[in-house]
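Structure first, then comments.
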Amino acid sequence: MSQRKTFYVTTPIYYVNDQPHIGHVYTTTLADVLARHHRIRGEDTFFLTGTDEHATKVVDAAAERGLSTQDWADKNAKAFRETFARLGISNDDFIRTTEDRHKSRVLGYVKCLIDSGDVYKGDYEGWYDAGQEEYVPELKAKEQDFKGVISGKPLIKKSEKNYFFKLSAYSAELIDLIERDVFKVAPEARKNEILNRLKTARDIPLSRTGVADWGIRVPGDEEHSIYVWIDALFNYLTAVDTKERRHYWSADVQFVGKDILWFHAAIWPGLLLALKKQTDYGWIELPKVLYAHSFWIREGRKMSKSLGNFVDLEEIDAYVVDFSLDGLRWFLVTQGPLGTNDGDFARERFAEVYNADLANTLGNCVNRVATMTHQIFGGVLPGSGPDIEGSSELRDAVAAGVTKAAAAVDEIAIDAAAAAGLEIVRAVDGFIAKTEPFRAAKQGREAELPTILYHCSEALRVASLILWPVLPGKIEAFWEAAGYNYASRIAAGGGEIKSWAQWGGAREGQKIGQIKLFQRFKVPKAEGGGKQKQNQKGQQPKKKKAPKVKAPPPGPKDELSYEEFCALDIRIARVEAAEAVAKADKLLQLTLRLGDGETRTVLSGIREWYSPEEMVGQQVVYLANLAPRKIRGIMSQGMVLAANDVGNAAVLLQPIKELPDGAKVS
């Protein structure tokens with residue numbers, strides 16, 4: 001049996017001067033999703049994260065709280081472990097730089113570099129960023145107006161004796177490797193940034209003096225502590241530099257934030273090139289890809305503790321309660337700052353994305369297909385019959401989605417991979433709208449139903465394989481309801497997405513369970529009550545007048561003028577989503593698509609005759625310019641037109657053939 005391909009992915013290790021926040025959660029989620037993509041491929045995957053504990057800021061934070069540095073580090077390292085476990089992060093190891101397994105190996109690496117002459121003792125005079133614990137060259141300090149790039153605080157002028165690493169001796173080789181993508185720095189803008197800075201690279205301090213009794217001492221010189229960034233960077237190597245794990249090296253993908261690009265794209269590979277020259281470390285190669293993502297901002301503003309707009313653990317947990325853990329993962333992956341632009345963490349946008357992608361699209365489609373299978377075939381999946389109109393196009397869409405997702409994963413475009421999975425789900429919705437399974441029997445097309453339902457179920461099965469890395473909890477619930485054992489096979493190292501994603505994996509006769517994956521999130525409205533607030537002048541607000549009783553609406557006119565008829569905006573709309581309105585037996589809440597991305601919310605009293613599942617995908621006749629009206633706390637924007645048959649049952653007005661969404665009726 002051939003040896004499985006390995007895949008090694010890392011996050012930066014996180015300072016333990018404080019609790020985890022959205023930045024830590026985002027980077028770690030990216031690595032988790034990518035690790036899962038490679039596990040479902042069947043690759044021997046190793047995913048590393050951990051904590052960086054030898055920073056001066058950790059010593060300072062502990063002192064402020066009257067704790068020993070070790071106690072404070074232990075407390076926050078535990079918080080990171082527990083947070084990642086609670087958020088379903090699937091890391092294979094969690095390394096701490098205070099662990100002996102790390103410290104002993106770092107001492108060995110540094111001693112080797114001292115012995116080789118790549119590390120030497122000298123004097124440093126220049127600028128230092130205490131917030132980043134970074135030595136800043138004069139030119140860069142001037143570009144930053146002599147302030148910290150993240151903190152904004154003044155840089156510190158330092159003069160001290162240090163051990164230095166000969167980065168300048170490796171800068172030309174690094175430039176060549178980066179230009180040729182042997183060591184790939186992504187996105188492209190980050191590559192250009194580091195290439196420009198490497199052209200003027202100098203030797204960099206490897207040690208510090210005057211540090212409290214904390215950190216790893218330089219071999220043979222107890223006065224010097226190994227600079228925290230050198231210590232921390234080696235974690236990626238120390239975690240796998242064992243007989244059992246060395247086959248994972250080198251790292252395939254290393255995720256970092258854009259603020260620590262220099263350390264990871266210049267200093268880190270420079271250290272590795274220097275080590276590789278030595279007899280015992282000839283096996284060391286550079287990481288394959290370094291991916292430096294951008295930052296989250298908040299409602300258009302930079303996140304900071306001083307502004308009070310940081311997304312902390314408490315708020316992250318609240319989002320999980322409101323939107324589910326997979327809802328949080330979906331937003332982070334699909335809306336996050338994976339490229340060169342910062343991402344806006346806005347609650348309104350979060351709710352929009354959750355409802356549009358997860359509740360209205362994925363959740364609703366899974367529910368529709370399961371409901372139809374139960375209503376038509378008693379919950380048992382039929383075998384596929386002969387091809388019908390649209391079936392080959394759906395299979396093509398599925399195959400295209402699989403190919404697109406695989407290519408996106410290879411490019412670390414995990415947001416695009418998620419989008420490819422959702423495109424398949426939307427193709428299922430389009431197939432249902434085209435084939436109209438609930439009408440098939442009435443129209444003498446009963447023979448098409450097995451093909452329709454099999455194709456829908458099979459397309460969703462394939463889509464689920466692509467979506468699992470981002471939505472593992474919900475997708476595994478879907479697999480369990482449909483009788484698929486993919487989760488256990490992946491956990492045992494037996495992922496086979498290449499074969500699993502081939503058409504035909506759904507089995508005739510398997511039972512399809514009904515499951516509600518994502519509930520639509522209703523944005524709560526601000527309500528009155530409680531103490532009355534004073535206005536700016538300290539006065540109690542005036543009491544509101546009793547509302548006027550409106551007269552009943554007038555009956556229909558005997559005649560309309562041509563101008564009055566032209567004033568009516570009647571259009572063809574497609575029902576994108578439908579759900580029952582709570583505590584209202586007759587009402588359905590419909591989301592209508594009018595074309596060009598425009599959607600409207602309408603309440604319609606047709607629930608007695610039409611189920612939500614039956615409505616989705618249907619084209620209806622819609623009065624678009626009826627004044628909006630709040631019903632049951634929901635703003636209804638217009639009216640879906642219907643008539644009553646002889647039995648007084650509502651019958652929707654619908655075009656007799658497919659028309660463009662948004663087409664005007666005249």
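Residues are named by chain letter and number: chains run A, B, ... in the order of the structure tokens, numbers start at 1 in each chain, and ligands are numbered from 1 in the order shown.
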Would you mind listing what lies within 8 Å of range 310-312 of chain A as a list in words, with only C-alpha atoms counted and same-chain residues fewer than 6 positions away left out?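 The contact residues come out as Pro20, His21, Ile22, Arg298, Met303 and Ser304 of chain A.
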Serialized selection, C-alpha atoms, as a CSV table (one decimal), in the first residue's frame:
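Generated output (part29.csv):
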chain,number,residue,atom,x,y,z
A,20,PRO,CA,-8.4,35.1,22.8
A,21,HIS,CA,-10.3,37.4,20.5
A,22,ILE,CA,-11.7,37.4,16.9
A,298,ARG,CA,-15.8,46.7,13.0
A,303,MET,CA,-11.0,47.3,16.0
A,304,SER,CA,-9.3,48.4,19.3
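Around Ser168 in chain A, within 10 Å and counting only C-alpha atoms, the residues found are Phe165, Lys166, Tyr170, Ser171, Ala172, Glu173, Leu174, Leu198, Lys199, Thr200, Ala201, Arg202, Asp203, Ile204 and Gly270 of chain A, once anything fewer than 2 positions away on its own chain is removed.
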Could you dump the residues just selected with N, CA and C atoms as a PDB file, in the first residue's frame?
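Everything below was put into selection.pdb:
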ATOM      1  N   PHE A 165      21.753  37.569  14.097  1.00  0.00           N
ATOM      2  CA  PHE A 165      21.675  36.538  13.058  1.00  0.00           C
ATOM      3  C   PHE A 165      22.006  37.180  11.718  1.00  0.00           C
ATOM      4  N   LYS A 166      22.855  36.519  10.919  1.00  0.00           N
ATOM      5  CA  LYS A 166      23.311  37.059   9.630  1.00  0.00           C
ATOM      6  C   LYS A 166      22.226  36.928   8.549  1.00  0.00           C
ATOM      7  N   TYR A 170      21.704  35.821   3.664  1.00  0.00           N
ATOM      8  CA  TYR A 170      20.722  34.944   3.004  1.00  0.00           C
ATOM      9  C   TYR A 170      19.658  35.734   2.226  1.00  0.00           C
ATOM     10  N   SER A 171      19.737  37.053   2.248  1.00  0.00           N
ATOM     11  CA  SER A 171      18.676  37.859   1.619  1.00  0.00           C
ATOM     12  C   SER A 171      18.597  37.640   0.114  1.00  0.00           C
ATOM     13  N   ALA A 172      19.732  37.547  -0.554  1.00  0.00           N
ATOM     14  CA  ALA A 172      19.714  37.348  -2.010  1.00  0.00           C
ATOM     15  C   ALA A 172      19.096  36.002  -2.367  1.00  0.00           C
ATOM     16  N   GLU A 173      19.460  34.961  -1.620  1.00  0.00           N
ATOM     17  CA  GLU A 173      18.884  33.636  -1.870  1.00  0.00           C
ATOM     18  C   GLU A 173      17.381  33.639  -1.602  1.00  0.00           C
ATOM     19  N   LEU A 174      16.972  34.325  -0.540  1.00  0.00           N
ATOM     20  CA  LEU A 174      15.544  34.406  -0.219  1.00  0.00           C
ATOM     21  C   LEU A 174      14.774  35.127  -1.318  1.00  0.00           C
ATOM     22  N   LEU A 198      13.353  43.059   1.691  1.00  0.00           N
ATOM     23  CA  LEU A 198      14.538  42.203   1.728  1.00  0.00           C
ATOM     24  C   LEU A 198      15.732  42.822   0.997  1.00  0.00           C
ATOM     25  N   LYS A 199      15.460  43.712   0.068  1.00  0.00           N
ATOM     26  CA  LYS A 199      16.548  44.347  -0.684  1.00  0.00           C
ATOM     27  C   LYS A 199      17.456  45.169   0.220  1.00  0.00           C
ATOM     28  N   THR A 200      16.921  45.628   1.353  1.00  0.00           N
ATOM     29  CA  THR A 200      17.731  46.423   2.284  1.00  0.00           C
ATOM     30  C   THR A 200      17.880  45.715   3.627  1.00  0.00           C
ATOM     31  N   ALA A 201      17.740  44.393   3.631  1.00  0.00           N
ATOM     32  CA  ALA A 201      17.779  43.635   4.886  1.00  0.00           C
ATOM     33  C   ALA A 201      19.151  43.708   5.547  1.00  0.00           C
ATOM     34  N   ARG A 202      19.126  43.882   6.856  1.00  0.00           N
ATOM     35  CA  ARG A 202      20.348  43.868   7.654  1.00  0.00           C
ATOM     36  C   ARG A 202      20.322  42.667   8.586  1.00  0.00           C
ATOM     37  N   ASP A 203      21.425  42.422   9.242  1.00  0.00           N
ATOM     38  CA  ASP A 203      21.444  41.381  10.272  1.00  0.00           C
ATOM     39  C   ASP A 203      20.510  41.802  11.406  1.00  0.00           C
ATOM     40  N   ILE A 204      19.884  40.816  12.047  1.00  0.00           N
ATOM     41  CA  ILE A 204      18.851  41.152  13.040  1.00  0.00           C
ATOM     42  C   ILE A 204      19.222  40.580  14.409  1.00  0.00           C
ATOM     43  N   GLY A 270      15.084  32.606   6.603  1.00  0.00           N
ATOM     44  CA  GLY A 270      16.511  32.818   6.709  1.00  0.00           C
ATOM     45  C   GLY A 270      17.147  31.886   7.729  1.00  0.00           C
TER      46      GLY A 270
END
Neighbour list for range 574-591 of chain A as a list of chain:residue names, cut-off 6 Å, only C-alpha atoms, skip fewer than 6 positions in-chain: A:Asn360, A:Arg600, A:Thr601, A:Val602, A:Leu603, A:Ser604, A:Gly605, A:Arg607, A:Glu608, A:Pro612, A:Val616, A:Gly617, A:Gln618, A:Gln619
Which residues are near range 506-521 of chain A? Cut-off 10 Å, only C-alpha atoms, ignore same chain within fewer than 3 positions. Put them as a VMD selection string. chain A and resid 322 to 324 326 to 327 351 to 352 354 to 371 373 to 374 377 to 384 450 454 to 455 457 to 462 473 to 475 477 to 484 500 503 524 577 579
Write out as a PyMOL selection string which residues come within 10 Å of range 564-568 of chain A when counting only C-alpha atoms, dropping same-chain ones fewer than 6 positions away. chain A and resi 623-626+665-666
Shell around Lys157 in chain A at 8 Å using only C-alpha atoms, local window under 4 positions removed, as a ChimeraX atom specification: /A:125-128
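Distances to Val321 in chain A were evaluated for A:Gln254, A:Leu87, A:Asp410, A:Ala427 using only C-alpha atoms, and the minimum falls at A:Leu87.
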Pick out the closest residue to Ala487 in chain A from this set: A:Ile40, A:Val33, A:Ile376, A:Leu261. Count only C-alpha atoms.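 Of A:Ile40, A:Val33, A:Ile376, A:Leu261, the one nearest Ala487 in chain A is A:Ile40, counting only C-alpha atoms.
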Given only C-alpha atoms as the basis, pick out the residue of A:Leu206, A:Leu113, A:Ala130, A:Leu290 nearest to Val182 in chain A.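 Closest to Val182 in chain A of all the choices is A:Leu290.
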Nearest residue to Phe438 in chain A out of A:Arg301, A:Arg571, A:Asp93, A:Ser611, using only C-alpha atoms? A:Ser611
d(CA of Lys5 in chain A, CA of Glu43 in chain A) in Å: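 We find that CA of Lys5 in chain A and CA of Glu43 in chain A lie 5.2 Å from each other.
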Applying 9 Å and only C-alpha atoms, which residues near Gly401 in chain A remain after dropping the ones on its own chain fewer than 5 positions away? List them as number ranges by chain. A: 396, 406, 417, 419-424, 463, 466
Selected residues written out, N, CA, C and O atoms, as a PDB file, in the first residue's frame:
ATOM      1  N   ASP A 396     -23.945  18.306 -14.823  1.00  0.00           N
ATOM      2  CA  ASP A 396     -22.811  19.114 -15.277  1.00  0.00           C
ATOM      3  C   ASP A 396     -22.452  20.179 -14.241  1.00  0.00           C
ATOM      4  O   ASP A 396     -21.274  20.460 -14.000  1.00  0.00           O
ATOM      5  N   ALA A 406     -12.033  21.989  -5.865  1.00  0.00           N
ATOM      6  CA  ALA A 406     -10.710  21.378  -5.720  1.00  0.00           C
ATOM      7  C   ALA A 406      -9.612  22.361  -6.115  1.00  0.00           C
ATOM      8  O   ALA A 406      -8.586  22.478  -5.426  1.00  0.00           O
ATOM      9  N   ALA A 417     -13.955  27.943  -2.502  1.00  0.00           N
ATOM     10  CA  ALA A 417     -14.363  26.534  -2.411  1.00  0.00           C
ATOM     11  C   ALA A 417     -15.744  26.430  -1.775  1.00  0.00           C
ATOM     12  O   ALA A 417     -16.602  25.656  -2.235  1.00  0.00           O
ATOM     13  N   ALA A 419     -18.047  28.745  -1.831  1.00  0.00           N
ATOM     14  CA  ALA A 419     -18.994  29.277  -2.817  1.00  0.00           C
ATOM     15  C   ALA A 419     -19.321  28.235  -3.879  1.00  0.00           C
ATOM     16  O   ALA A 419     -20.470  28.144  -4.342  1.00  0.00           O
ATOM     17  N   ALA A 420     -18.336  27.426  -4.265  1.00  0.00           N
ATOM     18  CA  ALA A 420     -18.571  26.381  -5.264  1.00  0.00           C
ATOM     19  C   ALA A 420     -19.559  25.347  -4.740  1.00  0.00           C
ATOM     20  O   ALA A 420     -20.422  24.849  -5.487  1.00  0.00           O
ATOM     21  N   GLY A 421     -19.454  25.010  -3.453  1.00  0.00           N
ATOM     22  CA  GLY A 421     -20.416  24.082  -2.867  1.00  0.00           C
ATOM     23  C   GLY A 421     -21.819  24.654  -2.860  1.00  0.00           C
ATOM     24  O   GLY A 421     -22.798  23.961  -3.162  1.00  0.00           O
ATOM     25  N   LEU A 422     -21.923  25.942  -2.540  1.00  0.00           N
ATOM     26  CA  LEU A 422     -23.243  26.575  -2.490  1.00  0.00           C
ATOM     27  C   LEU A 422     -23.829  26.739  -3.889  1.00  0.00           C
ATOM     28  O   LEU A 422     -25.056  26.717  -4.056  1.00  0.00           O
ATOM     29  N   GLU A 423     -22.985  26.888  -4.897  1.00  0.00           N
ATOM     30  CA  GLU A 423     -23.478  26.976  -6.278  1.00  0.00           C
ATOM     31  C   GLU A 423     -24.215  25.699  -6.669  1.00  0.00           C
ATOM     32  O   GLU A 423     -25.211  25.744  -7.406  1.00  0.00           O
ATOM     33  N   ILE A 424     -23.745  24.570  -6.192  1.00  0.00           N
ATOM     34  CA  ILE A 424     -24.430  23.301  -6.484  1.00  0.00           C
ATOM     35  C   ILE A 424     -25.816  23.307  -5.852  1.00  0.00           C
ATOM     36  O   ILE A 424     -26.807  22.870  -6.461  1.00  0.00           O
ATOM     37  N   ALA A 463     -22.590  18.212  -2.854  1.00  0.00           N
ATOM     38  CA  ALA A 463     -22.359  19.546  -2.287  1.00  0.00           C
ATOM     39  C   ALA A 463     -21.922  19.455  -0.834  1.00  0.00           C
ATOM     40  O   ALA A 463     -21.057  20.217  -0.381  1.00  0.00           O
ATOM     41  N   ILE A 466     -18.200  19.054  -0.253  1.00  0.00           N
ATOM     42  CA  ILE A 466     -17.436  20.292  -0.440  1.00  0.00           C
ATOM     43  C   ILE A 466     -17.631  21.232   0.738  1.00  0.00           C
ATOM     44  O   ILE A 466     -16.703  21.933   1.163  1.00  0.00           O
TER      45      ILE A 466
END
Two-atom distance - CA of Phe263 in chain A, CA of Ala232 in chain A (Å):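 These two atoms are separated by 10.1 Å.
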Mind the document's chain letters and residue numbers, and return as an MDAnalysis selection string the residues of range 107-166 of chain A that DSSP labels helix (DSSP H, G or I). chainID A and resid 107:116 138:143
Write a file of the selected residues as a PDB file, in the first residue's frame, keeping N, CA, C and O atoms.
ATOM      1  N   LEU A 107      17.314  25.520  21.981  1.00  0.00           N
ATOM      2  CA  LEU A 107      18.707  25.623  22.428  1.00  0.00           C
ATOM      3  C   LEU A 107      19.648  24.928  21.446  1.00  0.00           C
ATOM      4  O   LEU A 107      20.727  25.445  21.117  1.00  0.00           O
ATOM      5  N   GLY A 108      19.235  23.762  20.959  1.00  0.00           N
ATOM      6  CA  GLY A 108      20.057  23.027  19.994  1.00  0.00           C
ATOM      7  C   GLY A 108      20.217  23.774  18.691  1.00  0.00           C
ATOM      8  O   GLY A 108      21.322  23.846  18.120  1.00  0.00           O
ATOM      9  N   TYR A 109      19.103  24.378  18.179  1.00  0.00           N
ATOM     10  CA  TYR A 109      19.169  25.115  16.919  1.00  0.00           C
ATOM     11  C   TYR A 109      20.087  26.339  17.056  1.00  0.00           C
ATOM     12  O   TYR A 109      20.923  26.609  16.177  1.00  0.00           O
ATOM     13  N   VAL A 110      19.909  27.088  18.141  1.00  0.00           N
ATOM     14  CA  VAL A 110      20.680  28.323  18.313  1.00  0.00           C
ATOM     15  C   VAL A 110      22.172  28.002  18.507  1.00  0.00           C
ATOM     16  O   VAL A 110      23.040  28.691  17.965  1.00  0.00           O
ATOM     17  N   LYS A 111      22.460  26.961  19.275  1.00  0.00           N
ATOM     18  CA  LYS A 111      23.868  26.573  19.468  1.00  0.00           C
ATOM     19  C   LYS A 111      24.522  26.218  18.134  1.00  0.00           C
ATOM     20  O   LYS A 111      25.667  26.584  17.854  1.00  0.00           O
ATOM     21  N   CYS A 112      23.771  25.518  17.299  1.00  0.00           N
ATOM     22  CA  CYS A 112      24.279  25.143  15.978  1.00  0.00           C
ATOM     23  C   CYS A 112      24.585  26.388  15.148  1.00  0.00           C
ATOM     24  O   CYS A 112      25.613  26.457  14.464  1.00  0.00           O
ATOM     25  N   LEU A 113      23.725  27.411  15.221  1.00  0.00           N
ATOM     26  CA  LEU A 113      23.923  28.640  14.455  1.00  0.00           C
ATOM     27  C   LEU A 113      25.086  29.461  15.005  1.00  0.00           C
ATOM     28  O   LEU A 113      25.804  30.127  14.242  1.00  0.00           O
ATOM     29  N   ILE A 114      25.276  29.418  16.315  1.00  0.00           N
ATOM     30  CA  ILE A 114      26.434  30.101  16.901  1.00  0.00           C
ATOM     31  C   ILE A 114      27.722  29.415  16.454  1.00  0.00           C
ATOM     32  O   ILE A 114      28.690  30.064  16.027  1.00  0.00           O
ATOM     33  N   ASP A 115      27.716  28.085  16.520  1.00  0.00           N
ATOM     34  CA  ASP A 115      28.911  27.320  16.139  1.00  0.00           C
ATOM     35  C   ASP A 115      29.269  27.517  14.669  1.00  0.00           C
ATOM     36  O   ASP A 115      30.445  27.496  14.284  1.00  0.00           O
ATOM     37  N   SER A 116      28.248  27.704  13.826  1.00  0.00           N
ATOM     38  CA  SER A 116      28.502  27.846  12.388  1.00  0.00           C
ATOM     39  C   SER A 116      28.949  29.253  12.016  1.00  0.00           C
ATOM     40  O   SER A 116      29.394  29.482  10.879  1.00  0.00           O
ATOM     41  N   GLU A 138      15.857  52.031  10.765  1.00  0.00           N
ATOM     42  CA  GLU A 138      15.687  53.483  10.744  1.00  0.00           C
ATOM     43  C   GLU A 138      14.722  53.933   9.649  1.00  0.00           C
ATOM     44  O   GLU A 138      13.818  54.746   9.891  1.00  0.00           O
ATOM     45  N   LEU A 139      14.890  53.415   8.429  1.00  0.00           N
ATOM     46  CA  LEU A 139      14.045  53.838   7.310  1.00  0.00           C
ATOM     47  C   LEU A 139      12.583  53.480   7.564  1.00  0.00           C
ATOM     48  O   LEU A 139      11.683  54.294   7.337  1.00  0.00           O
ATOM     49  N   LYS A 140      12.343  52.279   8.068  1.00  0.00           N
ATOM     50  CA  LYS A 140      10.971  51.846   8.348  1.00  0.00           C
ATOM     51  C   LYS A 140      10.372  52.665   9.496  1.00  0.00           C
ATOM     52  O   LYS A 140       9.193  53.023   9.478  1.00  0.00           O
ATOM     53  N   ALA A 141      11.210  52.957  10.510  1.00  0.00           N
ATOM     54  CA  ALA A 141      10.739  53.773  11.629  1.00  0.00           C
ATOM     55  C   ALA A 141      10.297  55.154  11.139  1.00  0.00           C
ATOM     56  O   ALA A 141       9.263  55.691  11.576  1.00  0.00           O
ATOM     57  N   LYS A 142      11.065  55.707  10.208  1.00  0.00           N
ATOM     58  CA  LYS A 142      10.720  57.018   9.660  1.00  0.00           C
ATOM     59  C   LYS A 142       9.419  56.953   8.872  1.00  0.00           C
ATOM     60  O   LYS A 142       8.571  57.851   8.967  1.00  0.00           O
ATOM     61  N   GLU A 143       9.245  55.883   8.088  1.00  0.00           N
ATOM     62  CA  GLU A 143       8.002  55.704   7.323  1.00  0.00           C
ATOM     63  C   GLU A 143       6.794  55.620   8.247  1.00  0.00           C
ATOM     64  O   GLU A 143       5.697  56.034   7.884  1.00  0.00           O
TER      65      GLU A 143
END
Report, in Å to a single decimal, how far apart CA of Cys456 in chain A and CA of Asp596 in chain A are. 25.8 Å
